[in-house]
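A.B. asks: Attaching a single structure in structure tokens format; questions to follow.
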Amino acid sequence: MNRFAELLDRLVLTPSRNGKLTLLTDYFRSVEDPDRGLALAAITGDLSIAAVKPAMLRTLVIERLDPVLFGYSYDYVGDLAETVSLVWPQPPADIPDHPPTLAEVVAKLQAASRSDGPKVLAKLLDSASISARFAIIKLVTGGLRIGVSARLAKQALADLGQVDVAEIEELWHGLAPPYAGLFAWLEGKAEKPEKTALALFRPVMLSNAVGDGDLEKLDPADYAAEWKWDGIRVQAVCEGGVRRLYSRTGDDVSGAFPDLAEAMDFSAALDGELLVGDPQATGTFSDLQQRLNRKSVTAKIQQQFPAFMRCYDVLQIGDEDLRALSFRERRSRLEAFVGTLDPSRFDLSPLVNFADWTALEELRRAPPHPIIEGVMLKRWDSPYLTGRPKGPWFKWKRDPHTVDAVLMYAQRGHGKRSSFYSDYTFGVWSGPEGSEELVPVGKAYFGFTDEELRQIDKYVRDNTVERFGPVRSVRADRRQGLVLEVAFEGLNRSTRHKSGVAMRFPRISRLRWDKPAAEADRIETLQALLDS
Amino acid sequence: MRASDLLHPRPEGLYCPPGDFFIDPVRPVNRALITHGHSDHARSGHRCVLATRQTLDIMGLRHGEGFAGTTQAAALGDTIALNGVTVTFHPAGHVLGSAQIAVEHQGRRIVASGDYKRQKDATCAPFEPVKCDVFITEATFGLPVFRHPPDSEEIARLLKSAAQFPERAHLVGAYALGKAQRVMRLLRDAGYDRPIYIHGALAKLSDYYQSQGIDLGTLEPATVESGTKDDFTGAIVIGPPSAFADRWARRFPDPISCFASGWMRIRQRAKQGGVELPLIISDHSDWDELTATIKETGAEEIWVTHGREEALVRWCELEGIAARPLHLVGYEDEGD
């Protein structure tokens, strides 16, 4: 348990992806079964333990500590799990000869009934160290919140075994904690686990962005074009009565889209984009957002924002694996197949006809729907390959929007950037003429060169108005301020931000040292984009 | 005579009317008794200063030789009479030279502990409990959430991380007096024998520790002149916490920022400060040490100062011990 607790403590404070991968692979390498497999399951969200409510946790601690002292403590720390882990008095008699292992903790928690759950939890907390107590509380209250996705954990497994992450993703849904067979394979001690489960995920094919000069080398006749829909890439797999809707990284998202899963009454594996609305009237990205990041979804939301799948590829029909066929052949199979499905839940991503690149360029600039973010190019003769092979698939995105904003706050970065102010909050003008104020509209931490980073850092240090921990506010008024040209992919309405807008994928595209702060854009410019 | 007639707070600091002296005054006074060398306790400009030899040396290093009109060294345990008031210095275990000051008059004894800790520390003499009527305790970490783990475990985590990330430098933020040298010594005790790189602000004090017989091993300046970026690959570098936000830190390869402090117990504190590897190493008592010490002194009254007074006062109430906060100003509670 202590090793798992230490891992969580380190992961939560390690911002870099590579740093997290090192911590995870080291853990998987040095910890034995079944602890490491249970830790993996806890991180990927595949460990089921009956939940304990925060109120119960509070009751347990108040039985052991003066409520006033607990109140002072909780006020100071601000996080219930952390406060309880710190103030929990350890009865000296309960200090065990060896700290409990993760497997022992999980076994006790899983065996506990609803009524004796709190007692079992208290007993475990009595026997654990401070860090371990925190980890145990996180396990029972659900959600580790350590900034590690299931995808990253799978990447760490791939690193451990020196295999492609696609292999792990493909196997994943046929495996169960504590994954002893998986680890044995990754360590070269056993054969690769058999794919025995039904409706497994198939690693997806990804595209490369069109780079400068790429198109000149390509013959338009070799490629099909489709709109690039800005929804969620999904894979719908049905086999032997098992239905699963996967995200592009192989996470099972069926639970969030029961309406779509309900309509999956076929035997095939389809690749496409999940969108909301209905195929005749596709919803906007804001509509789609209503369905994102939800574990479960109410009937009302399902009715208001129904999910459907715009299909663009087919990997399997019945027992026939189609991935080796050319795109042209798969496409014709797909067209025939989608015709047999519920038309309110499945439609076909239409092909875009074009004569040459110039003609396609024009279509790309003026797409027929706001949720289209460009065009996709797919080679007619390409098989369905795993990963991101260079050549068969390209994405050619719409040019980003840009806005001139004023730098307001800068925050220190992490790792290599820990001595640089590298995360920037910027704002645009709002309010009546003569009393304009800056209202923050976004935050960006990339898009600039190392040299530009040094220049902005110096500007921040020379023009600091106030400091709040790692954040500095920078002089920004009508007469003085640094104007940043910010590029972004789209804009959503936001009730969480004062400005009422939230940018998607913002980055610094240019430093406008030449531009007076007073001439930066106004909020109305952004609002106009929202309404379009 | 009431205890508050023997010692009470004044704007300058804690004052003893019959002895006519202050303890750790924050403004220049005629006679100051100093518990230890941290700058919020040991200010310059007093006419006479009475402190341990090591505290006087440290004040000299930090403020320059003319930091006081006259100085007098107090040997630990020796009785010193000041206008009929008896004063003795006892080790506080906080940093090198740190002392508690016992003030005794007409059969009543008050101990002003200054800052203190009970954890073992190879860089200073251990805290010695002194029986008294009134014990004045600090409360920097006076909340039940503060529980310092054994320092050897914390250093083991630093060394483990250094082994896990051999291509990166570990920058350890530690206060220049006490904490920095303790971290160096803990590294040595854990068997780390590579040179430790230090920020210039640590040099004088670390040399002084070494001259007092505290072996810190080979220390090298973390300057660019002494090498290129690659020389710091895998290095452990110690500096004052403020230096790591500074441009100074850019000379190190992809650094992992560490901070040795009792505040690191709270995850959010670490997160806000951009600390990747918090090391919970404190020179102050944690909650369990504070409460155990209060009991050990046998004091019937507790005065609580600088920190989270209210929780410790509450604890005393629950234990049936008279307690009140002593509202002293000018001591920073961040200094760990």
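Identifiers in this document derive from the order of the structure tokens: chains are assigned A, B, ..., residues are numbered from 1 separately in each chain, and ligands are numbered from 1 in order of occurrence.
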Pull out every residue of chain A that has at least one atom within 8 Å of chain B, counting only C-alpha atoms, and report them as a ChimeraX atom specification.

C.D. replies: /A:10,13-15,22-23,26,68-70,72-73,77,83,86-87,412-420,469-470

A.B. asks: Based on DSSP run over this structure's backbone, return all residues of range 134-213 of chain B in alpha helix (DSSP H), as a VMD selection string.

C.D. replies: chain B and resid 151 to 164 179 to 189 203 to 211

A.B. asks: What's around range 11-26 of chain B at 8 Å? Count only C-alpha atoms, leave out sequence neighbours fewer than 3 positions away in its own chain, and write the answer as a PDB file with N, CA and C atoms, in the first residue's frame.

C.D. replies:
```
ATOM      1  N   ASP B   5       3.873  39.531  35.137  1.00  0.00           N
ATOM      2  CA  ASP B   5       4.741  40.614  35.589  1.00  0.00           C
ATOM      3  C   ASP B   5       6.200  40.296  35.303  1.00  0.00           C
ATOM      4  N   LEU B   6       6.488  39.022  35.116  1.00  0.00           N
ATOM      5  CA  LEU B   6       7.868  38.616  34.836  1.00  0.00           C
ATOM      6  C   LEU B   6       8.175  38.712  33.344  1.00  0.00           C
ATOM      7  N   LEU B   7       7.215  38.346  32.511  1.00  0.00           N
ATOM      8  CA  LEU B   7       7.395  38.451  31.049  1.00  0.00           C
ATOM      9  C   LEU B   7       6.066  38.838  30.430  1.00  0.00           C
ATOM     10  N   HIS B   8       6.075  39.813  29.553  1.00  0.00           N
ATOM     11  CA  HIS B   8       4.855  40.106  28.804  1.00  0.00           C
ATOM     12  C   HIS B   8       5.190  40.765  27.468  1.00  0.00           C
ATOM     13  N   VAL B  29      16.708  47.339  20.792  1.00  0.00           N
ATOM     14  CA  VAL B  29      16.481  47.610  22.222  1.00  0.00           C
ATOM     15  C   VAL B  29      17.822  47.685  22.937  1.00  0.00           C
ATOM     16  N   ASN B  30      17.756  48.013  24.220  1.00  0.00           N
ATOM     17  CA  ASN B  30      18.973  48.134  25.016  1.00  0.00           C
ATOM     18  C   ASN B  30      19.616  46.773  25.269  1.00  0.00           C
ATOM     19  N   ARG B  31      18.805  45.818  25.744  1.00  0.00           N
ATOM     20  CA  ARG B  31      19.372  44.489  26.003  1.00  0.00           C
ATOM     21  C   ARG B  31      18.468  43.416  25.414  1.00  0.00           C
ATOM     22  N   ALA B  32      19.055  42.597  24.557  1.00  0.00           N
ATOM     23  CA  ALA B  32      18.281  41.556  23.884  1.00  0.00           C
ATOM     24  C   ALA B  32      18.869  40.193  24.184  1.00  0.00           C
ATOM     25  N   LEU B  33      17.997  39.240  24.508  1.00  0.00           N
ATOM     26  CA  LEU B  33      18.402  37.837  24.615  1.00  0.00           C
ATOM     27  C   LEU B  33      17.848  37.147  23.371  1.00  0.00           C
ATOM     28  N   ILE B  34      18.724  36.433  22.661  1.00  0.00           N
ATOM     29  CA  ILE B  34      18.325  35.893  21.354  1.00  0.00           C
ATOM     30  C   ILE B  34      18.318  34.366  21.418  1.00  0.00           C
ATOM     31  N   THR B  35      17.210  33.765  20.954  1.00  0.00           N
ATOM     32  CA  THR B  35      17.107  32.300  21.031  1.00  0.00           C
ATOM     33  C   THR B  35      17.874  31.600  19.916  1.00  0.00           C
ATOM     34  N   ASP B  40      14.192  36.643  11.651  1.00  0.00           N
ATOM     35  CA  ASP B  40      13.051  37.272  12.325  1.00  0.00           C
ATOM     36  C   ASP B  40      13.218  37.266  13.852  1.00  0.00           C
ATOM     37  N   HIS B  41      14.109  36.454  14.347  1.00  0.00           N
ATOM     38  CA  HIS B  41      14.371  36.418  15.787  1.00  0.00           C
ATOM     39  C   HIS B  41      15.640  37.197  16.140  1.00  0.00           C
ATOM     40  N   ALA B  42      16.613  37.166  15.262  1.00  0.00           N
ATOM     41  CA  ALA B  42      17.925  37.747  15.539  1.00  0.00           C
ATOM     42  C   ALA B  42      18.154  38.958  14.647  1.00  0.00           C
ATOM     43  N   ARG B  43      17.705  40.123  15.126  1.00  0.00           N
ATOM     44  CA  ARG B  43      17.882  41.331  14.313  1.00  0.00           C
ATOM     45  C   ARG B  43      19.107  42.090  14.784  1.00  0.00           C
ATOM     46  N   LEU B  82      20.662  38.780  35.798  1.00  0.00           N
ATOM     47  CA  LEU B  82      20.422  40.087  35.179  1.00  0.00           C
ATOM     48  C   LEU B  82      19.474  40.852  36.081  1.00  0.00           C
ATOM     49  N   ASN B  83      19.984  41.841  36.814  1.00  0.00           N
ATOM     50  CA  ASN B  83      19.174  42.627  37.761  1.00  0.00           C
ATOM     51  C   ASN B  83      18.361  41.739  38.703  1.00  0.00           C
ATOM     52  N   GLY B  84      18.984  40.684  39.180  1.00  0.00           N
ATOM     53  CA  GLY B  84      18.279  39.817  40.125  1.00  0.00           C
ATOM     54  C   GLY B  84      17.414  38.764  39.476  1.00  0.00           C
ATOM     55  N   VAL B  85      17.302  38.783  38.174  1.00  0.00           N
ATOM     56  CA  VAL B  85      16.563  37.736  37.471  1.00  0.00           C
ATOM     57  C   VAL B  85      17.585  36.712  36.974  1.00  0.00           C
ATOM     58  N   LEU B 328       2.325  38.109  19.743  1.00  0.00           N
ATOM     59  CA  LEU B 328       3.592  38.741  19.373  1.00  0.00           C
ATOM     60  C   LEU B 328       3.571  38.982  17.875  1.00  0.00           C
ATOM     61  N   VAL B 329       4.088  40.098  17.474  1.00  0.00           N
ATOM     62  CA  VAL B 329       4.082  40.373  16.038  1.00  0.00           C
ATOM     63  C   VAL B 329       5.509  40.366  15.484  1.00  0.00           C
ATOM     64  N   GLY B 330       5.594  40.151  14.200  1.00  0.00           N
ATOM     65  CA  GLY B 330       6.888  40.295  13.534  1.00  0.00           C
ATOM     66  C   GLY B 330       7.595  38.988  13.250  1.00  0.00           C
TER      67      GLY B 330
END
```

A.B. asks: What's the separation between CA of Asp286 in chain B and CA of Asp189 in chain B, in Å to one decimal place?

C.D. replies: 22.7 Å

A.B. asks: Find, counting only C-alpha atoms, the residue in A:Phe266, A:Trp429, A:Phe257, A:Phe134 that gets nearest to Val403 in chain A.

C.D. replies: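 Checking each of A:Phe266, A:Trp429, A:Phe257, A:Phe134 against Val403 in chain A, counting only C-alpha atoms, the winner is A:Trp429.
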
A.B. asks: Would you mind listing what lies within 7 Å of Ala236 in chain A as a PyMOL selection string, with only C-alpha atoms counted and same-chain residues fewer than 5 positions away left out?

C.D. replies: chain A and resi 244-246+269-271

A.B. asks: Using DSSP assignments from the backbone, pull out every residue in range 134-295 of chain A that falls under strand (DSSP E) and give it to me as a ChimeraX atom specification.

C.D. replies: /A:208-209,223-229,232-239,242-247,268-278,281-282

A.B. asks: Of the candidates B:Pro129, B:Pro150, B:Pro91, B:Gly239, which one gets nearest to Gly200 in chain B if we count only C-alpha atoms?

C.D. replies: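 The closest residue to Gly200 in chain B is B:Gly239.
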
A.B. asks: So that I can check the surroundings of Glu220 in chain B, please list as a ChimeraX atom specification every protein, DNA and RNA residue that reaches within 10 Å of it, counting only C-alpha atoms and ignoring chain neighbours fewer than 4 positions away.

C.D. replies: /B:195-200,203,226,237

A.B. asks: Expressed in Å to a single decimal, how great is the separation between CA of Ser152 in chain B and CA of Phe4 in chain A?

C.D. replies: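 Atom-to-atom, CA of Ser152 in chain B to CA of Phe4 in chain A, that is 19.5 Å.
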
A.B. asks: Residues within 9 Å of Ala176 in chain A, please, as a compact mmCIF listing (two decimals) with N, CA and C atoms, in the first residue's frame. Count only C-alpha atoms; anything in the same chain fewer than 4 positions from it doesn't count.

C.D. replies:
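Result saved to around33.txt:
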```txt
# COMPACT_ATOMS: atom_id res chain seq x y z
N ALA A 41 -5.54 -1.20 -12.23
CA ALA A 41 -6.99 -1.14 -12.32
C ALA A 41 -7.53 0.12 -11.64
N ASP A 46 -10.88 0.60 -13.45
CA ASP A 46 -11.46 -0.73 -13.60
C ASP A 46 -11.53 -1.51 -12.28
N TRP A 172 -7.09 -5.06 -24.23
CA TRP A 172 -7.51 -4.55 -22.92
C TRP A 172 -8.86 -5.04 -22.43
N ALA A 180 -2.45 -10.51 -14.25
CA ALA A 180 -1.20 -11.25 -14.08
C ALA A 180 -0.68 -11.76 -15.43
```

A.B. asks: Considering only C-alpha atoms, can you say which of B:Val49, B:Ile80, B:Val130, B:Leu177 comes closest to Gly37 in chain B?

C.D. replies: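 Ranking B:Val49, B:Ile80, B:Val130, B:Leu177 by distance to Gly37 in chain B, first place goes to B:Leu177.
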